[in-house]
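Q: Handing you a structure now.
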Amino acid sequence: MRLEIHCADRIGIAQEILNILVSYQVDLKGIEVDAKHCRMYVSFPPIEFEQFQKIMPSIRLIEGVTDVRTTAFMPSEREHNELNTLLSALPDGIISIDAKGMVRLCNDAACRDLNVSQADIVGVSINSLLKGFNFNRWLEGKEVLGQTTRVEVDGEDFIADILPISVPESQNEQILAGAVINIKSQSRLGQQVSVFRRYGQESFSSIQTSSTAMRRVVREARKMAQLEAPILVTGETGTGKELLARSCHYASHRSMKPFLALSCASLPDDVAETELFGFAGYEDGSTPSRGILEQADGGTVFFDEVGEMSARLQTKLLRFLQDGTFRRVGSENEVKVNVRIIASTQKDLPGMVQEGSFREDLYYRINVLNLDIAPLRDRSADIGPLTEHFLQKYAHQVGKSAPSLEPGCLEFLQQYPWPGNVRQLENAIYRAVSLLDDEKLSAEHLQLPSFTNDLGYLESDFEGSLDQAVKRFESTLLRKLYPAYPSSRQLAKRLGLSHTAVANKLREYGINRKTIKV
């Protein structure tokens, strides 16, 4: 049983309380005083209720006692339990030693790292456990300061943070009581560094959101990251679709599992199928291999440029999306995994569905949630911060100070149409910083293809005929306007065309309420 006694700071009050306990023949186990809050704690074995009813009023009658109540813990017991709980929960090894370098206590993580039990480690010299640092010489030094050093345990390297423990002897003096040692293995340290870098590089914080359009996209992406449904990320080349997909993964509960990407455009059919589903191996001794879906179990698979996927692979992916099962190439056994699908495309998937080059059922399977990244030319507010970020990044890489922009250079960057979007801007800054000999960067240093405000910019890899280019432009324009004018009559009035002409165009490009969200 334990009592918490609130009392005044008066000489002799503790003696009076103890006298009462002695008078009732209570076997006192412990006593503690909290001078700061004027409280006294006593601990004794359980007593009869009748005896307890006599003791409590007797203590309350002592001059200066304001309250007496039972309590579950003595302050030292609470601190001891909290410390033990904290030590046992820590993933890193913690060892406490006395002023002679002998181990007093350690947590479970330290026992695992040292491959010893609690009973075997207490009382052992720390120098026999951790090699490579003379703890006794450090403890006997004139000025004992905290150290971070490399130590060795059974041939494996660890990082040790060594912190001295001192107790006050007088107002200006302290006595060294020992030290606390925090040990980390190389693998543990690598995990922590990886998490730190991953957060900086792949969380939403790494996405530039000065423009209204990008703030909206990131706001929606944060919400979608917590869901399980597939996401389709659309946008022109170089807008950062994969970066956004990675950010969604690392902001989700799947963040500790793999994020794996498959480029649907760069691999032949057979290779892509093996990469995705894995290989069972044949009788000729070929080694079986797990595909991306198996490797990413519990995580996320990113299909880059899903619009380039062949009809054969589309069919197999659709079957997987239906029930989460698939077969390795060359196997008859079903494999079931739990992965989230995120896909990206710069193509007009609704148009491809109408043309028959992309499966309609697959389109609706992957387009449950949608994120559309605006081209860089439509979010000029992001260009300045992105430019500054890339200047700092690549100046640091080449070992020089980041150059400043000459007057007019930022305006030039903001007016440039950036057909390659953020990737083109980054490459231009990288090239300019690497070759720059001055402290200022001008538009000429960027070596960008010229364009005029009247004629705009024509990509050098332009393909197709004029008629095909006009049709692409018409299709894009109508798809953008249709959600705001979802009937052929409204759209015809907006464009100054006849109802019949617009209806024919919508039918030709497969634009309707099924293919366009209104």
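In the structure tokens, chains take the letters A, B, ... in the order shown, each chain's residues start at 1, and ligands count up from 1 in the order shown.
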So that I can check the surroundings of Val167 in chain A, please list as number ranges by chain every protein, DNA and RNA residue that reaches within 7 Å of it, counting only C-alpha atoms and ignoring chain neighbours fewer than 3 positions away.
A: A: 174-177
Q: Would you list the contacts of Ser211 in chain A as a list in words, taking every protein, DNA or RNA residue within 7 Å and counting only C-alpha atoms, but skipping same-chain residues closer than 3 positions in sequence?
A: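 Listed by chain and then number, they are Met214, Arg215, Arg379, Ala381 and Asp382 of chain A.
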Q: Per residue of range 464-506 of chain A within 12 Å of range 332-352 of chain A, note the shortest atom pair and the distance in Å to one decimal, counting only C-alpha atoms, and order the rows by chain and increasing residue number, as JSON lines.
A:
{"residue": "A:Lys471", "atom": "CA", "partner": "A:Gly351", "partner_atom": "CA", "distance": 11.6}
{"residue": "A:Arg472", "atom": "CA", "partner": "A:Asp348", "partner_atom": "CA", "distance": 9.6}
{"residue": "A:Phe473", "atom": "CA", "partner": "A:Asp348", "partner_atom": "CA", "distance": 11.7}
{"residue": "A:Ser475", "atom": "CA", "partner": "A:Gly351", "partner_atom": "CA", "distance": 8.5}
{"residue": "A:Thr476", "atom": "CA", "partner": "A:Asp348", "partner_atom": "CA", "distance": 8.4}
{"residue": "A:Leu478", "atom": "CA", "partner": "A:Gly351", "partner_atom": "CA", "distance": 11.7}
{"residue": "A:Arg479", "atom": "CA", "partner": "A:Pro350", "partner_atom": "CA", "distance": 9.6}
{"residue": "A:Lys480", "atom": "CA", "partner": "A:Asp348", "partner_atom": "CA", "distance": 11.8}
{"residue": "A:Leu506", "atom": "CA", "partner": "A:Gly351", "partner_atom": "CA", "distance": 10.9}
Q: What is the CA of Leu446 in chain A-CA of Pro419 in chain A distance in Å, reported with one decimal?
A: 14.9 Å
Q: Just asking: which residues within range 249-458 of chain A are strand (DSSP E) according to DSSP, as a CSV table (one decimal) with C-alpha atoms, in the first residue's frame?
A:
chain,number,residue,atom,x,y,z
A,259,PHE,CA,7.5,0.8,-55.0
A,260,LEU,CA,8.4,-0.8,-58.3
A,261,ALA,CA,7.9,0.6,-61.8
A,262,LEU,CA,7.5,-1.1,-65.2
A,263,SER,CA,8.0,0.9,-68.4
A,278,GLY,CA,7.9,-13.7,-63.3
A,279,PHE,CA,9.3,-16.9,-64.8
A,289,SER,CA,12.4,-15.7,-61.0
A,290,ARG,CA,9.8,-13.5,-59.3
A,300,THR,CA,2.8,-0.4,-55.2
A,301,VAL,CA,3.4,-1.2,-58.8
A,302,PHE,CA,3.7,1.8,-61.2
A,303,PHE,CA,2.9,1.3,-64.9
A,304,ASP,CA,4.7,4.0,-66.8
A,325,THR,CA,-4.1,-13.4,-59.1
A,326,PHE,CA,-1.8,-14.3,-61.9
A,327,ARG,CA,0.4,-17.1,-63.2
A,334,GLU,CA,-2.0,-19.3,-59.4
A,335,VAL,CA,-0.2,-16.6,-57.3
A,336,LYS,CA,-2.1,-14.1,-55.3
A,340,ARG,CA,-1.8,-1.1,-55.4
A,341,ILE,CA,-1.7,-0.1,-59.1
A,342,ILE,CA,-0.8,3.4,-60.2
A,343,ALA,CA,-0.5,4.1,-63.9
A,344,SER,CA,0.6,7.1,-66.0
A,345,THR,CA,0.1,8.2,-69.6
A,369,LEU,CA,-9.0,7.9,-59.3
A,370,ASN,CA,-7.4,10.4,-61.6
A,371,LEU,CA,-4.7,13.1,-61.2
A,372,ASP,CA,-4.0,15.4,-64.1
A,404,SER,CA,22.2,34.3,-59.9
A,405,LEU,CA,19.9,35.0,-62.9
A,440,LYS,CA,25.4,35.1,-63.5
A,441,LEU,CA,23.2,33.0,-65.8
Q: Quick one, how far is CA of Glu50 in chain A from CA of Tyr24 in chain A?
A: 11.3 Å
Q: Using only C-alpha atoms, which of A:Arg39, A:His445, A:Arg377, A:Lys29 sits nearest Cys409 in chain A?
A: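 Selected residue with least distance to Cys409 in chain A: A:His445.
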Q: Env of Glu152 in chain A: 9 Å cut, atoms = only C-alpha atoms, seq-sep filter 6 positions within chain, self excluded. Answer as a PDB file with N, CA and C atoms, in the first residue's frame.
A:
ATOM      1  N   LEU A 129      33.272  -6.212 -24.231  1.00  0.00           N
ATOM      2  CA  LEU A 129      32.111  -6.350 -25.117  1.00  0.00           C
ATOM      3  C   LEU A 129      32.242  -5.505 -26.379  1.00  0.00           C
ATOM      4  N   LEU A 130      32.708  -4.267 -26.204  1.00  0.00           N
ATOM      5  CA  LEU A 130      32.851  -3.334 -27.326  1.00  0.00           C
ATOM      6  C   LEU A 130      34.331  -3.051 -27.549  1.00  0.00           C
ATOM      7  N   LYS A 131      34.850  -3.477 -28.694  1.00  0.00           N
ATOM      8  CA  LYS A 131      36.278  -3.312 -28.996  1.00  0.00           C
ATOM      9  C   LYS A 131      36.499  -2.035 -29.820  1.00  0.00           C
ATOM     10  N   GLY A 132      37.702  -1.511 -29.727  1.00  0.00           N
ATOM     11  CA  GLY A 132      38.067  -0.375 -30.567  1.00  0.00           C
ATOM     12  C   GLY A 132      38.033   0.964 -29.860  1.00  0.00           C
ATOM     13  N   PHE A 133      37.598   0.998 -28.576  1.00  0.00           N
ATOM     14  CA  PHE A 133      37.571   2.247 -27.813  1.00  0.00           C
ATOM     15  C   PHE A 133      37.883   1.905 -26.356  1.00  0.00           C
ATOM     16  N   PHE A 158      29.944  -1.165 -35.401  1.00  0.00           N
ATOM     17  CA  PHE A 158      28.817  -0.423 -34.832  1.00  0.00           C
ATOM     18  C   PHE A 158      29.237   1.024 -34.624  1.00  0.00           C
ATOM     19  N   ILE A 159      28.261   1.923 -34.641  1.00  0.00           N
ATOM     20  CA  ILE A 159      28.490   3.306 -34.233  1.00  0.00           C
ATOM     21  C   ILE A 159      28.020   3.427 -32.796  1.00  0.00           C
TER      22      ILE A 159
END
Q: List as a PyMOL selection string the protein and nucleic acid residues near Leu318 in chain A, meaning an atom at most 8 Å away when only C-alpha atoms are counted, but skip any in the same chain fewer than 2 places from it.
A: chain A and resi 314-316+320-322+361-362+365
Q: Can those selected residues be exported to a file as a compact mmCIF listing (two decimals), in the first residue's frame so that it contains N, CA and C atoms?
A:
# COMPACT_ATOMS: atom_id res chain seq x y z
N GLN A 314 -2.37 -6.11 -71.94
CA GLN A 314 -3.58 -5.49 -71.39
C GLN A 314 -4.54 -6.54 -70.86
N THR A 315 -4.72 -7.61 -71.64
CA THR A 315 -5.63 -8.68 -71.25
C THR A 315 -5.18 -9.34 -69.96
N LYS A 316 -3.88 -9.62 -69.84
CA LYS A 316 -3.35 -10.29 -68.66
C LYS A 316 -3.42 -9.37 -67.44
N PHE A 320 -5.56 -9.80 -63.76
CA PHE A 320 -4.96 -9.61 -62.44
C PHE A 320 -5.74 -8.59 -61.62
N LEU A 321 -6.17 -7.49 -62.26
CA LEU A 321 -6.90 -6.46 -61.54
C LEU A 321 -8.25 -6.96 -61.03
N GLN A 322 -8.79 -7.98 -61.67
CA GLN A 322 -10.10 -8.48 -61.28
C GLN A 322 -10.07 -9.23 -59.95
N ASP A 361 -12.58 -1.91 -70.84
CA ASP A 361 -12.73 -2.42 -69.48
C ASP A 361 -11.48 -2.17 -68.64
N LEU A 362 -10.29 -2.25 -69.26
CA LEU A 362 -9.06 -1.95 -68.53
C LEU A 362 -8.99 -0.47 -68.19
N ARG A 365 -10.91 0.18 -65.20
CA ARG A 365 -10.28 -0.45 -64.03
C ARG A 365 -9.17 0.42 -63.44
Q: Enter the distance from CA of Leu317 in chain A to CA of Pro375 in chain A, in Å, rounded to one decimal.
A: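 That distance, rounded to one decimal, is 29.0 Å.
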Q: Near Met1 in chain A, counting only C-alpha atoms, which residues have an atom at most 10 Å away, once you skip same-chain residues fewer than 2 positions from it, shown as a compact mmCIF listing (two decimals) with C-alpha atoms, in the first residue's frame?
A:
# COMPACT_ATOMS: atom_id res chain seq x y z
CA LEU A 3 0.12 6.91 0.53
CA LYS A 29 9.02 -0.29 3.21
CA VAL A 42 5.24 6.23 2.15
CA SER A 43 5.03 2.57 1.21
CA PHE A 44 4.10 -0.35 3.48
CA PRO A 45 2.60 -3.86 3.17
CA PRO A 46 -1.21 -4.25 2.94
CA ILE A 47 -2.98 -3.74 6.30
CA THR A 70 -3.71 6.30 -1.72
CA THR A 71 -1.56 6.10 -4.84
CA ALA A 72 -0.66 3.29 -7.24
CA PHE A 73 3.08 4.07 -7.46
CA MET A 74 5.87 5.70 -5.56
Q: Choose the residue, out of A:Ser166, A:Gln208, A:Ser488, A:Thr515, that has the smallest atom-to-atom separation from Ala179 in chain A; count only C-alpha atoms.
A: A:Ser166
Q: With only C-alpha atoms as the counted atoms, please give the residues lying no more than 12 Å from range 392-401 of chain A, apart from itself and same-chain residues fewer than 2 positions off, as a PyMOL selection string.
A: chain A and resi 385-390+403-404+426-441
Q: I need the residue nearest Arg513 in chain A from this list: A:Ser487, A:Gln354, A:Gln186, A:Asn81. Use only C-alpha atoms for the distance.
A: A:Ser487
